[in-house]
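Next comes query.cif, with mmCIF, C-alpha atoms.
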```cif
data_upload
#
loop_
_atom_site.label_atom_id
_atom_site.label_comp_id
_atom_site.auth_asym_id
_atom_site.auth_seq_id
_atom_site.Cartn_x
_atom_site.Cartn_y
_atom_site.Cartn_z
CA MET T 1 22.14 10.28 22.89
CA LYS T 2 22.06 9.23 26.54
CA ASN T 3 22.39 12.86 27.65
CA LEU T 4 19.49 14.13 25.54
CA PRO T 5 16.24 15.05 27.36
CA LEU T 6 13.53 12.47 26.64
CA ARG T 7 11.43 14.91 24.60
CA ASN T 8 14.41 15.84 22.42
CA LEU T 9 15.23 12.17 22.01
CA PHE T 10 11.69 11.49 20.81
CA LEU T 11 11.89 14.37 18.31
CA LEU T 12 15.15 12.97 17.01
CA LEU T 13 13.59 9.53 16.58
CA LEU T 14 10.66 11.12 14.77
CA LEU T 15 13.05 12.86 12.38
CA LEU T 16 14.77 9.53 11.75
CA VAL T 17 11.42 7.94 10.87
CA CYS T 18 10.64 10.80 8.48
CA PHE T 19 14.05 10.31 6.90
CA GLN T 20 13.41 6.60 6.45
CA GLN T 21 10.08 7.38 4.75
CA LEU T 22 11.79 9.82 2.40
CA ALA T 23 14.50 7.26 1.74
CA ALA T 24 11.83 4.96 0.30
CA GLN T 25 11.68 7.33 -2.67
CA PRO T 26 14.30 6.89 -5.42
CA VAL T 27 17.65 8.37 -4.45
CA GLU T 28 18.87 11.10 -6.79
CA LYS T 29 21.63 9.72 -9.01
CA PHE T 30 24.50 11.34 -10.88
CA VAL T 31 23.15 9.90 -14.13
CA LYS T 32 19.39 9.79 -14.76
CA VAL T 33 17.69 7.45 -17.22
CA VAL T 34 14.33 8.95 -18.20
CA VAL T 35 11.86 6.70 -20.05
CA ALA T 36 8.39 7.89 -21.06
CA PRO T 37 5.58 6.78 -23.39
CA ASP T 38 4.79 9.23 -26.18
CA ARG T 39 1.40 10.37 -24.87
CA PRO T 40 1.01 12.79 -21.97
CA ASP T 41 -1.44 10.51 -20.13
CA TRP T 42 0.59 7.35 -20.90
CA THR T 43 -2.68 5.69 -21.94
CA TYR T 44 -3.56 3.89 -25.19
CA LYS T 45 -6.33 1.89 -26.80
CA ILE T 46 -5.92 -1.75 -27.76
CA GLY T 47 -4.12 -1.85 -31.10
CA ASP T 48 -2.49 1.57 -30.70
CA LYS T 49 1.29 1.55 -30.97
CA VAL T 50 3.38 3.13 -28.25
CA LYS T 51 6.77 4.71 -28.65
CA PHE T 52 9.04 5.17 -25.66
CA SER T 53 11.43 8.11 -25.52
CA VAL T 54 14.71 7.42 -23.71
CA THR T 55 17.02 10.17 -22.47
CA VAL T 56 20.17 9.66 -20.45
CA LEU T 57 21.01 12.82 -18.51
CA GLN T 58 24.07 14.02 -16.69
CA ASN T 59 24.07 17.48 -15.14
CA GLY T 60 20.68 18.01 -16.77
CA ASN T 61 21.98 17.47 -20.32
CA PRO T 62 21.74 14.45 -22.66
CA LEU T 63 24.84 12.28 -22.34
CA LYS T 64 26.18 11.59 -25.81
CA GLY T 65 27.55 8.21 -26.83
CA THR T 66 25.84 6.27 -24.03
CA LYS T 67 25.46 2.53 -24.47
CA ILE T 68 22.10 1.17 -23.36
CA LYS T 69 20.21 -2.08 -23.30
CA TYR T 70 16.43 -2.00 -23.28
CA GLU T 71 13.65 -4.54 -22.73
CA VAL T 72 9.97 -4.23 -23.64
CA MET T 73 7.42 -6.55 -22.02
CA PRO T 74 4.07 -6.69 -20.24
CA GLU T 75 4.84 -5.76 -16.61
CA LYS T 76 6.43 -8.56 -14.57
CA MET T 77 6.57 -10.82 -17.66
CA GLU T 78 9.48 -11.99 -19.81
CA PRO T 79 10.86 -9.49 -22.37
CA GLN T 80 9.25 -9.52 -25.81
CA LYS T 81 11.91 -7.30 -27.32
CA THR T 82 15.52 -6.70 -26.27
CA GLU T 83 18.19 -4.63 -27.97
CA ALA T 84 21.51 -2.94 -27.23
CA VAL T 85 22.13 0.42 -28.87
CA THR T 86 24.35 3.47 -28.53
CA LEU T 87 22.67 6.84 -28.03
CA ALA T 88 24.65 9.13 -30.28
CA ASN T 89 22.98 12.24 -28.87
CA GLY T 90 21.95 10.82 -25.51
CA GLN T 91 18.41 10.23 -26.73
CA GLN T 92 16.50 7.47 -28.51
CA THR T 93 12.96 6.57 -29.54
CA ILE T 94 12.01 2.92 -29.04
CA GLU T 95 9.16 1.25 -30.90
CA GLY T 96 7.25 -0.48 -28.13
CA GLY T 97 4.47 -2.13 -30.10
CA THR T 98 0.98 -2.69 -28.78
CA MET T 99 -1.18 -5.00 -26.64
CA LYS T 100 -4.10 -7.23 -27.58
CA ASN T 101 -5.72 -7.11 -24.13
CA PRO T 102 -6.08 -4.43 -21.46
CA GLY T 103 -2.90 -4.15 -19.43
CA PHE T 104 0.46 -2.44 -19.16
CA LEU T 105 3.48 -2.52 -21.46
CA ARG T 106 6.77 -1.60 -19.84
CA CYS T 107 10.11 -0.46 -21.24
CA LYS T 108 13.13 -0.91 -18.96
CA VAL T 109 16.43 0.70 -19.89
CA TYR T 110 19.90 -0.01 -18.51
CA ALA T 111 22.62 2.56 -19.28
CA ASP T 112 26.35 1.91 -18.80
CA VAL T 113 28.27 5.02 -17.78
CA ALA T 114 31.83 5.01 -16.45
CA GLY T 115 31.60 1.40 -15.31
CA LYS T 116 28.27 1.79 -13.53
CA THR T 117 24.81 0.70 -14.64
CA TYR T 118 21.89 3.08 -14.25
CA GLU T 119 18.26 2.08 -14.76
CA GLY T 120 15.02 3.71 -15.78
CA LEU T 121 11.59 2.57 -16.90
CA GLY T 122 8.36 3.81 -18.39
CA THR T 123 4.98 2.07 -18.60
CA ALA T 124 2.13 2.48 -21.06
CA GLY T 125 -1.40 1.61 -20.00
CA PHE T 126 -3.70 -0.03 -22.56
CA GLU T 127 -7.34 0.56 -21.61
CA PRO T 128 -6.65 0.10 -17.88
CA GLY T 129 -10.27 0.89 -17.09
CA ASN T 130 -11.23 -2.36 -18.83
CA ILE T 131 -8.95 -4.65 -16.82
CA ASN T 132 -11.01 -7.41 -15.21
CA PRO T 133 -9.88 -9.55 -12.26
CA THR T 134 -8.64 -13.10 -12.74
CA THR T 135 -9.75 -14.13 -9.25
CA ASN T 136 -13.36 -14.94 -8.44
CA GLN T 137 -15.41 -14.62 -5.28
CA PRO T 138 -16.24 -17.87 -3.47
CA ASP T 139 -19.94 -18.54 -2.98
CA ASP T 140 -19.54 -18.52 0.79
CA PHE T 141 -17.25 -15.47 0.93
CA ALA T 142 -19.78 -13.31 2.83
CA LYS T 143 -20.67 -16.13 5.22
CA PHE T 144 -17.02 -16.88 5.94
CA TRP T 145 -16.29 -13.31 6.97
CA ASN T 146 -19.59 -12.75 8.77
CA ASP T 147 -18.90 -15.86 10.84
CA ALA T 148 -15.35 -14.64 11.53
CA LYS T 149 -16.62 -11.25 12.70
CA ALA T 150 -19.20 -12.94 14.91
CA GLU T 151 -16.41 -14.99 16.52
CA LEU T 152 -14.39 -11.81 17.02
CA ALA T 153 -17.33 -10.07 18.67
CA ARG T 154 -17.45 -12.80 21.32
CA VAL T 155 -13.83 -12.12 22.33
CA PRO T 156 -13.55 -9.36 24.98
CA MET T 157 -11.55 -6.38 23.71
CA ASP T 158 -9.73 -5.92 27.03
CA ALA T 159 -8.39 -2.51 25.96
CA ARG T 160 -5.33 -1.24 27.83
CA MET T 161 -4.06 2.30 27.29
CA THR T 162 -0.71 3.63 28.48
CA LEU T 163 -0.08 7.38 28.28
CA LEU T 164 3.22 8.28 26.58
CA PRO T 165 3.98 11.66 28.24
CA ASP T 166 7.07 12.35 26.12
CA ARG T 167 5.03 12.09 22.93
CA CYS T 168 2.15 14.28 24.09
CA THR T 169 1.87 17.88 22.95
CA GLU T 170 0.03 20.88 24.37
CA THR T 171 -3.10 19.86 22.46
CA VAL T 172 -2.84 16.07 21.98
CA ASN T 173 -2.52 13.07 24.29
CA VAL T 174 -0.65 10.05 22.91
CA TYR T 175 -1.18 6.48 24.15
CA HIS T 176 0.27 3.05 23.50
CA VAL T 177 -2.80 0.82 23.06
CA ASN T 178 -3.02 -2.92 23.67
CA LEU T 179 -6.16 -4.80 22.57
CA GLN T 180 -7.22 -8.43 22.58
CA ASN T 181 -7.61 -9.56 19.00
CA TYR T 182 -9.40 -12.43 17.31
CA LYS T 183 -8.98 -15.10 20.00
CA PRO T 184 -8.18 -14.99 23.71
CA GLY T 185 -4.54 -14.27 24.38
CA THR T 186 -3.75 -12.70 21.01
CA ARG T 187 -3.04 -8.99 21.10
CA LEU T 188 -3.02 -6.01 18.78
CA TYR T 189 -0.99 -2.86 19.45
CA GLY T 190 -1.10 0.68 18.17
CA ILE T 191 -0.56 4.37 18.91
CA LEU T 192 -3.62 6.47 19.71
CA CYS T 193 -3.59 10.27 19.45
CA VAL T 194 -6.55 12.17 20.95
CA PRO T 195 -7.16 15.92 21.08
CA LYS T 196 -7.04 17.15 24.70
CA LYS T 197 -9.82 19.68 24.29
CA GLU T 198 -13.13 18.32 25.51
CA GLY T 199 -15.46 17.40 22.65
CA LYS T 200 -16.46 14.78 20.10
CA TYR T 201 -14.13 14.13 17.18
CA PRO T 202 -13.98 12.21 13.89
CA ALA T 203 -11.40 9.44 13.68
CA LEU T 204 -8.79 8.13 11.25
CA LEU T 205 -7.54 4.53 11.37
CA LYS T 206 -4.06 4.19 9.87
CA VAL T 207 -3.17 0.68 8.71
CA PRO T 208 0.42 -0.40 8.01
CA GLY T 209 2.50 -1.35 5.03
CA ALA T 210 4.26 -4.71 4.94
CA GLY T 211 6.96 -5.59 7.42
CA ALA T 212 7.35 -4.80 11.11
CA ARG T 213 8.50 -1.55 12.68
CA PRO T 214 7.86 0.85 15.56
CA TYR T 215 5.09 3.43 15.21
CA TYR T 216 4.90 6.96 16.51
CA GLY T 217 1.30 7.97 15.89
CA ASP T 218 -0.10 10.77 13.74
CA VAL T 219 0.08 13.70 16.13
CA ALA T 220 -0.01 16.28 13.34
CA THR T 221 -3.42 15.11 12.11
CA ALA T 222 -4.74 14.87 15.67
CA GLU T 223 -3.76 18.50 16.17
CA LYS T 224 -6.18 19.34 13.35
CA GLY T 225 -9.06 17.92 15.38
CA LEU T 226 -9.10 14.20 14.54
CA ILE T 227 -8.57 11.11 16.63
CA THR T 228 -5.87 8.98 14.97
CA PHE T 229 -5.13 5.32 15.65
CA GLU T 230 -2.06 3.83 13.95
CA ILE T 231 -1.78 0.07 14.32
CA GLY T 232 0.71 -2.73 13.87
CA ILE T 233 -0.50 -6.15 12.77
CA HIS T 234 1.87 -8.69 14.30
CA GLY T 235 0.71 -8.85 17.91
CA VAL T 236 3.82 -7.22 19.38
CA PRO T 237 4.23 -3.80 21.03
CA VAL T 238 4.97 -0.98 18.59
CA THR T 239 7.26 1.06 20.87
CA MET T 240 10.33 -1.21 20.92
CA ASP T 241 13.75 -0.57 19.43
CA ASN T 242 13.82 -0.95 15.65
CA SER T 243 16.38 -3.77 15.93
CA VAL T 244 13.68 -5.97 17.50
CA TYR T 245 11.50 -5.67 14.41
CA GLN T 246 14.44 -6.26 12.11
CA ASN T 247 15.17 -9.47 13.98
CA LEU T 248 11.50 -10.51 13.77
CA MET T 249 11.44 -9.94 10.01
CA ALA T 250 14.66 -11.90 9.60
CA GLY T 251 13.32 -14.74 11.75
CA PRO T 252 9.77 -15.57 12.94
CA LEU T 253 8.02 -13.13 10.58
CA SER T 254 10.10 -13.83 7.49
CA GLY T 255 7.64 -14.40 4.64
CA TYR T 256 4.61 -14.14 6.95
CA TRP T 257 2.37 -13.56 3.91
CA ASN T 258 2.83 -17.26 3.05
CA TYR T 259 2.01 -18.64 6.50
CA ASN T 260 -0.75 -21.28 6.43
CA LEU T 261 -1.91 -20.28 2.96
CA GLU T 262 -3.23 -23.82 2.51
CA ASP T 263 -5.89 -23.26 5.21
CA ARG T 264 -8.37 -20.37 4.94
CA ASP T 265 -9.08 -20.51 8.69
CA ARG T 266 -5.42 -20.36 9.70
CA TYR T 267 -3.93 -18.11 7.01
CA TYR T 268 -1.87 -15.30 8.57
CA TYR T 269 -4.00 -12.50 7.18
CA LYS T 270 -7.11 -13.69 9.01
CA ARG T 271 -5.72 -12.27 12.26
CA VAL T 272 -4.71 -9.14 10.36
CA TYR T 273 -8.09 -8.46 8.73
CA LEU T 274 -9.96 -9.17 11.96
CA GLY T 275 -7.48 -6.96 13.81
CA CYS T 276 -8.56 -4.07 11.62
CA VAL T 277 -12.19 -4.72 12.62
CA ARG T 278 -11.11 -4.91 16.27
CA SER T 279 -9.42 -1.51 15.82
CA VAL T 280 -12.74 -0.11 14.63
CA ASP T 281 -14.37 -1.62 17.74
CA PHE T 282 -11.84 0.24 19.86
CA ILE T 283 -12.37 3.57 18.13
CA PHE T 284 -16.12 3.26 18.65
CA SER T 285 -15.50 2.62 22.36
CA LEU T 286 -13.71 5.95 22.84
CA PRO T 287 -15.78 8.60 24.62
CA GLN T 288 -14.12 11.32 22.50
CA PHE T 289 -15.24 9.73 19.20
CA ASP T 290 -18.25 11.34 17.53
CA GLY T 291 -19.76 7.91 16.91
CA SER T 292 -19.97 8.17 13.12
CA SER T 293 -17.17 9.86 11.15
CA LEU T 294 -14.48 7.21 10.60
CA ALA T 295 -11.99 6.79 7.74
CA VAL T 296 -9.19 4.31 7.11
CA THR T 297 -5.99 4.91 5.15
CA GLY T 298 -2.69 3.27 4.25
CA GLY T 299 -0.32 2.37 1.43
CA SER T 300 0.78 -0.92 -0.14
CA GLN T 301 -0.25 -3.59 2.39
CA GLY T 302 -1.93 -0.65 4.13
CA GLY T 303 -3.72 0.25 0.89
CA ALA T 304 -4.99 -3.31 0.80
CA LEU T 305 -6.07 -3.17 4.45
CA SER T 306 -7.88 0.12 3.82
CA ILE T 307 -10.05 -1.50 1.16
CA VAL T 308 -10.47 -4.68 3.20
CA THR T 309 -11.56 -2.79 6.32
CA ALA T 310 -14.05 -0.65 4.39
CA GLY T 311 -15.40 -3.77 2.68
CA LEU T 312 -15.67 -5.74 5.93
CA ASP T 313 -17.02 -3.09 8.27
CA ALA T 314 -19.92 -0.79 7.42
CA ARG T 315 -18.90 1.54 10.27
CA VAL T 316 -16.11 2.87 8.03
CA LYS T 317 -17.41 5.87 6.08
CA TYR T 318 -14.40 6.79 3.91
CA LEU T 319 -11.12 5.29 2.73
CA ALA T 320 -7.91 6.48 1.12
CA ALA T 321 -5.65 3.82 -0.38
CA PHE T 322 -2.23 4.17 -1.98
CA TYR T 323 -0.99 1.42 -4.34
CA PRO T 324 -2.99 -1.42 -2.72
CA ALA T 325 -1.22 -4.77 -2.43
CA LEU T 326 -2.84 -8.25 -2.26
CA SER T 327 -4.90 -7.42 -5.35
CA ASP T 328 -5.71 -10.08 -7.95
CA VAL T 329 -2.85 -12.27 -6.76
CA THR T 330 -3.84 -15.05 -9.21
CA GLY T 331 -2.90 -12.90 -12.20
CA TYR T 332 0.29 -14.92 -12.71
CA LEU T 333 -1.77 -18.06 -13.21
CA HIS T 334 -3.40 -16.34 -16.18
CA GLY T 335 -0.29 -15.03 -17.92
CA ARG T 336 -0.19 -11.54 -16.46
CA ALA T 337 1.05 -9.69 -13.36
CA GLY T 338 -0.50 -10.42 -9.98
CA GLY T 339 -0.37 -8.27 -6.88
CA TRP T 340 2.15 -8.25 -4.05
CA PRO T 341 3.25 -10.53 -2.42
CA HIS T 342 3.39 -12.31 -5.79
CA LEU T 343 2.23 -15.59 -4.31
CA PHE T 344 2.03 -17.32 -7.67
CA ASP T 345 4.85 -15.77 -9.71
CA LYS T 346 7.70 -17.87 -11.09
CA ASN T 347 9.66 -17.57 -7.84
CA ASN T 348 6.80 -18.90 -5.68
CA LEU T 349 4.88 -21.10 -8.09
CA ALA T 350 6.46 -24.41 -7.07
CA PHE T 351 5.68 -23.67 -3.41
CA ASN T 352 2.20 -22.15 -3.70
CA ASN T 353 0.61 -23.59 -6.83
CA THR T 354 -1.83 -25.95 -5.12
CA GLU T 355 -5.59 -26.02 -5.30
CA LYS T 356 -5.96 -25.32 -1.57
CA LYS T 357 -3.64 -22.30 -1.61
CA ILE T 358 -5.27 -20.85 -4.71
CA GLU T 359 -8.69 -21.27 -3.13
CA THR T 360 -7.57 -19.69 0.16
CA SER T 361 -6.21 -16.67 -1.69
CA LYS T 362 -9.71 -15.86 -2.94
CA TYR T 363 -10.97 -15.28 0.61
CA TYR T 364 -8.20 -12.71 1.17
CA ASP T 365 -7.82 -11.08 -2.24
CA VAL T 366 -8.50 -7.34 -2.14
CA VAL T 367 -10.57 -7.65 -5.31
CA ASN T 368 -13.28 -9.50 -3.41
CA PHE T 369 -13.35 -6.88 -0.65
CA ALA T 370 -13.38 -4.10 -3.24
CA ARG T 371 -16.64 -5.60 -4.51
CA GLN T 372 -18.12 -4.95 -1.04
CA VAL T 373 -17.03 -1.31 -0.70
CA LYS T 374 -19.99 1.06 -0.49
CA VAL T 375 -18.33 4.25 0.74
CA PRO T 376 -16.44 7.07 -1.03
CA GLY T 377 -12.76 6.41 -1.62
CA PHE T 378 -9.61 8.24 -2.70
CA TYR T 379 -6.99 6.15 -4.51
CA SER T 380 -3.54 6.97 -5.85
CA TRP T 381 -0.67 5.17 -7.58
CA GLY T 382 1.69 5.28 -10.55
CA PHE T 383 2.20 3.21 -13.68
CA ASN T 384 5.84 2.43 -12.86
CA ASP T 385 5.15 0.47 -9.67
CA GLU T 386 7.08 -2.81 -9.75
CA THR T 387 5.99 -3.94 -6.28
CA CYS T 388 2.24 -3.57 -6.75
CA PRO T 389 1.75 -3.83 -10.53
CA PRO T 390 -0.90 -1.43 -11.86
CA THR T 391 -2.66 -4.32 -13.61
CA SER T 392 -3.43 -5.81 -10.20
CA MET T 393 -4.49 -2.49 -8.69
CA TYR T 394 -6.85 -1.68 -11.55
CA ALA T 395 -8.34 -5.18 -11.25
CA ALA T 396 -9.49 -4.20 -7.76
CA TYR T 397 -10.31 -0.56 -8.50
CA ASN T 398 -12.47 -1.38 -11.52
CA VAL T 399 -14.92 -3.53 -9.51
CA ILE T 400 -15.60 -0.79 -6.94
CA LYS T 401 -19.12 0.57 -7.50
CA ALA T 402 -18.99 3.22 -4.74
CA PRO T 403 -17.96 6.84 -5.45
CA LYS T 404 -14.23 6.85 -6.16
CA GLU T 405 -11.47 9.24 -7.14
CA LEU T 406 -8.18 8.11 -8.68
CA PHE T 407 -5.20 10.46 -8.57
CA LEU T 408 -2.45 9.19 -10.87
CA ALA T 409 1.19 10.16 -10.46
CA LEU T 410 2.18 8.33 -13.62
CA ASP T 411 5.95 8.15 -13.24
CA THR T 412 5.96 7.00 -9.62
CA GLY T 413 6.91 3.50 -8.58
CA HIS T 414 6.23 2.18 -5.09
CA TRP T 415 6.46 5.62 -3.52
CA THR T 416 4.58 8.90 -3.43
CA TYR T 417 5.17 12.55 -4.21
CA PRO T 418 4.35 15.04 -1.43
CA GLU T 419 1.50 16.29 -3.62
CA GLN T 420 -0.20 12.88 -3.44
CA ASN T 421 -0.04 12.87 0.34
CA GLU T 422 -1.26 16.46 0.53
CA LYS T 423 -4.21 15.74 -1.75
CA SER T 424 -5.14 12.59 0.16
CA GLY T 425 -4.82 14.34 3.53
CA LYS T 426 -7.02 17.22 2.42
CA TRP T 427 -9.61 14.85 0.98
CA LEU T 428 -9.80 12.86 4.21
CA LEU T 429 -9.97 15.95 6.38
CA ASP T 430 -12.72 17.45 4.20
CA GLN T 431 -14.79 14.26 4.35
CA LEU T 432 -14.39 13.74 8.07
CA THR T 433 -15.07 17.30 9.13
CA LYS T 434 -17.83 18.28 6.72
CA ALA T 435 -20.49 16.79 9.01
CA THR T 436 -19.33 18.98 11.90
CA LYS T 437 -19.17 22.25 9.98
#
```

What is this structure when it is put down as structure tokens?
Amino acid sequence: MKNLPLRNLFLLLLLLVCFQQLAAQPVEKFVKVVVAPDRPDWTYKIGDKVKFSVTVLQNGNPLKGTKIKYEVMPEKMEPQKTEAVTLANGQQTIEGGTMKNPGFLRCKVYADVAGKTYEGLGTAGFEPGNINPTTNQPDDFAKFWNDAKAELARVPMDARMTLLPDRCTETVNVYHVNLQNYKPGTRLYGILCVPKKEGKYPALLKVPGAGARPYYGDVATAEKGLITFEIGIHGVPVTMDNSVYQNLMAGPLSGYWNYNLEDRDRYYYKRVYLGCVRSVDFIFSLPQFDGSSLAVTGGSQGGALSIVTAGLDARVKYLAAFYPALSDVTGYLHGRAGGWPHLFDKNNLAFNNTEKKIETSKYYDVVNFARQVKVPGFYSWGFNDETCPPTSMYAAYNVIKAPKELFLALDTGHWTYPEQNEKSGKWLLDQLTKATK
């Protein structure tokens, strides 16, 4: 790679990033375990009984004589029904039962074939539109965040932009951006892409999923006539070798979502949420920005940050969120699934189940920002998501009073089909450019 021209090296790195994103989707397997509820929309009323069809496929055909074990349970909860059976014809119908309250009932299937275990799952939604949050909004929620934003406003932004010539195209300039965040000395980094042609442009803020990684900027969207700003959240440059971020996640940033949860003023996500507001400050400072048309988008933690940013900052006009994390995290304390990072599930309960930590979570739960959203939003997820349980996502979605559109890809887990991304991208572009047409 040392002999490659810098531009070719960048293109190679970009391809590697695209490959990593694709790798987040389920890898095709020699044996497929297909599990599906018996209604096309996977949706039921309380008291309805669901049946799950199970098919084990090899080379596209049912695999006869397959031994399976299945479990049926509310998502993320202990199994209510477990059985081992042999699929004489490679297919089986499982009686899943019903639910007494709005939520999701999941069937997980494990198939043993030639010494290997293959898995599949299907999830039935019971009146998901009636799921209510378990968390509540503190009386001083608005004051807490208004005070925090006022403190942020007193900190100089001290924006520093470094042109990245090898990432620029004929029509787009690309910069590594370095901003001062919520207190003097703390920084926020991102990749800014700006159309070269003189004019005023709408803008798209791209907020990140969990973890730490390098970013490359959304040049493709900028080439369509939008300013794009893709940020990291951890106060480190976003142009370093990937091994640096891997080391950070294995060391100083390991479990960062738990840091200082006992103190609402010091909890890790305070710097993150205010960093999103600071990013909006920066976009509004750009002479190429049209001064009005701004959207925010992301998935998982980024889906959460999209809702948070729109709820915190009235300058945001649109949002698009995929499978938002940090939603109704107290669900586990009420006998049902809570959102990522599962602060109060059985694995974290002994560590986090304190009055102070529960109370702090309410100031950062996406549900309470969703209540503040007043702008149109596009949302998308699937029923089979095990990282961000649909119960938690609906708990946030259902309290949004602003115009909203939900695009379900029912069988997806914590990943997206290209069609979801295409639909979201078109929706955002339509919203952001309609004022200039």

Hits from the PyMOL selection byres ((chain T and resi 211) around 10), listed as a list in words:
Pro208, Gly209, Ala210, Ala212, Arg213, Gly232, Ile233, His234, Tyr245, Gln246, Leu248, Met249, Leu253, Ser254, Gly255, Tyr256, Trp257 and Gln301 of chain T

Quick one: which residues end up in the PyMOL selection byres ((chain T and resi 81) around 12) for this structure, as a list in words?
Lys69, Tyr70, Glu71, Val72, Met73, Pro74, Met77, Glu78, Pro79, Gln80, Thr82, Glu83, Ala84, Ile94, Glu95, Gly96, Gly97, Thr98, Leu105, Arg106, Cys107, Lys108 and Val109 of chain T

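Omitting Met161 of chain T and its sequence neighbours fewer than 5 positions away, and counting only C-alpha atoms, the residues within 6 Å are Tyr175, His176 and Val177 of chain T.
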
How about saving the chosen residues, C-alpha atoms kept, as a PDB file, in the frame of the given file?
```pdb
ATOM      1  CA  TYR T 175      -1.180   6.480  24.150  1.00  0.00           C
ATOM      2  CA  HIS T 176       0.270   3.050  23.500  1.00  0.00           C
ATOM      3  CA  VAL T 177      -2.800   0.820  23.060  1.00  0.00           C
TER       4      VAL T 177
END
```

For atom CA of Thr239 of chain T and atom CA of Leu326 of chain T, quote the distance in Å rounded to one decimal.
26.9 Å

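Atom CA of Phe126 of chain T is found 7.5 Å from atom CA of Asn101 of chain T.
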
Can you work out which one of T:Asp265, T:Glu119, T:Glu223, T:Asp41 has the shortest atom-to-atom distance to Ala148 of chain T, counting only C-alpha atoms?
T:Asp265

Apply the PyMOL selection byres ((chain T and resi 365) around 10) to the file shown and report the selected residues as a VMD selection string.
chain T and resid 135 to 137 304 308 325 to 330 339 360 to 364 366 to 370 396

Convert the current residue selection to file output with C-alpha atoms, as a compact mmCIF listing (two decimals), in the coordinates of the input.
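Here's the written file result23.txt:
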```txt
# COMPACT_ATOMS: atom_id res chain seq x y z
CA THR T 135 -9.75 -14.13 -9.25
CA ASN T 136 -13.36 -14.94 -8.44
CA GLN T 137 -15.41 -14.62 -5.28
CA ALA T 304 -4.99 -3.31 0.80
CA VAL T 308 -10.47 -4.68 3.20
CA ALA T 325 -1.22 -4.77 -2.43
CA LEU T 326 -2.84 -8.25 -2.26
CA SER T 327 -4.90 -7.42 -5.35
CA ASP T 328 -5.71 -10.08 -7.95
CA VAL T 329 -2.85 -12.27 -6.76
CA THR T 330 -3.84 -15.05 -9.21
CA GLY T 339 -0.37 -8.27 -6.88
CA THR T 360 -7.57 -19.69 0.16
CA SER T 361 -6.21 -16.67 -1.69
CA LYS T 362 -9.71 -15.86 -2.94
CA TYR T 363 -10.97 -15.28 0.61
CA TYR T 364 -8.20 -12.71 1.17
CA VAL T 366 -8.50 -7.34 -2.14
CA VAL T 367 -10.57 -7.65 -5.31
CA ASN T 368 -13.28 -9.50 -3.41
CA PHE T 369 -13.35 -6.88 -0.65
CA ALA T 370 -13.38 -4.10 -3.24
CA ALA T 396 -9.49 -4.20 -7.76
```

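Of the residues listed (T:Asp281, T:Glu262, T:Thr162, T:Gly303), T:Gly303 shows the shortest atom-to-atom separation from Val207 of chain T; distances use only C-alpha atoms.
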
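Comparing T:Pro418, T:Pro324, T:Pro62, T:Pro376 by their smallest distance to Cys388 of chain T, the closest is T:Pro324 (using only C-alpha atoms).
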
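Separating atom CA of Ala314 of chain T from atom CA of Leu429 of chain T is a distance of 19.5 Å.
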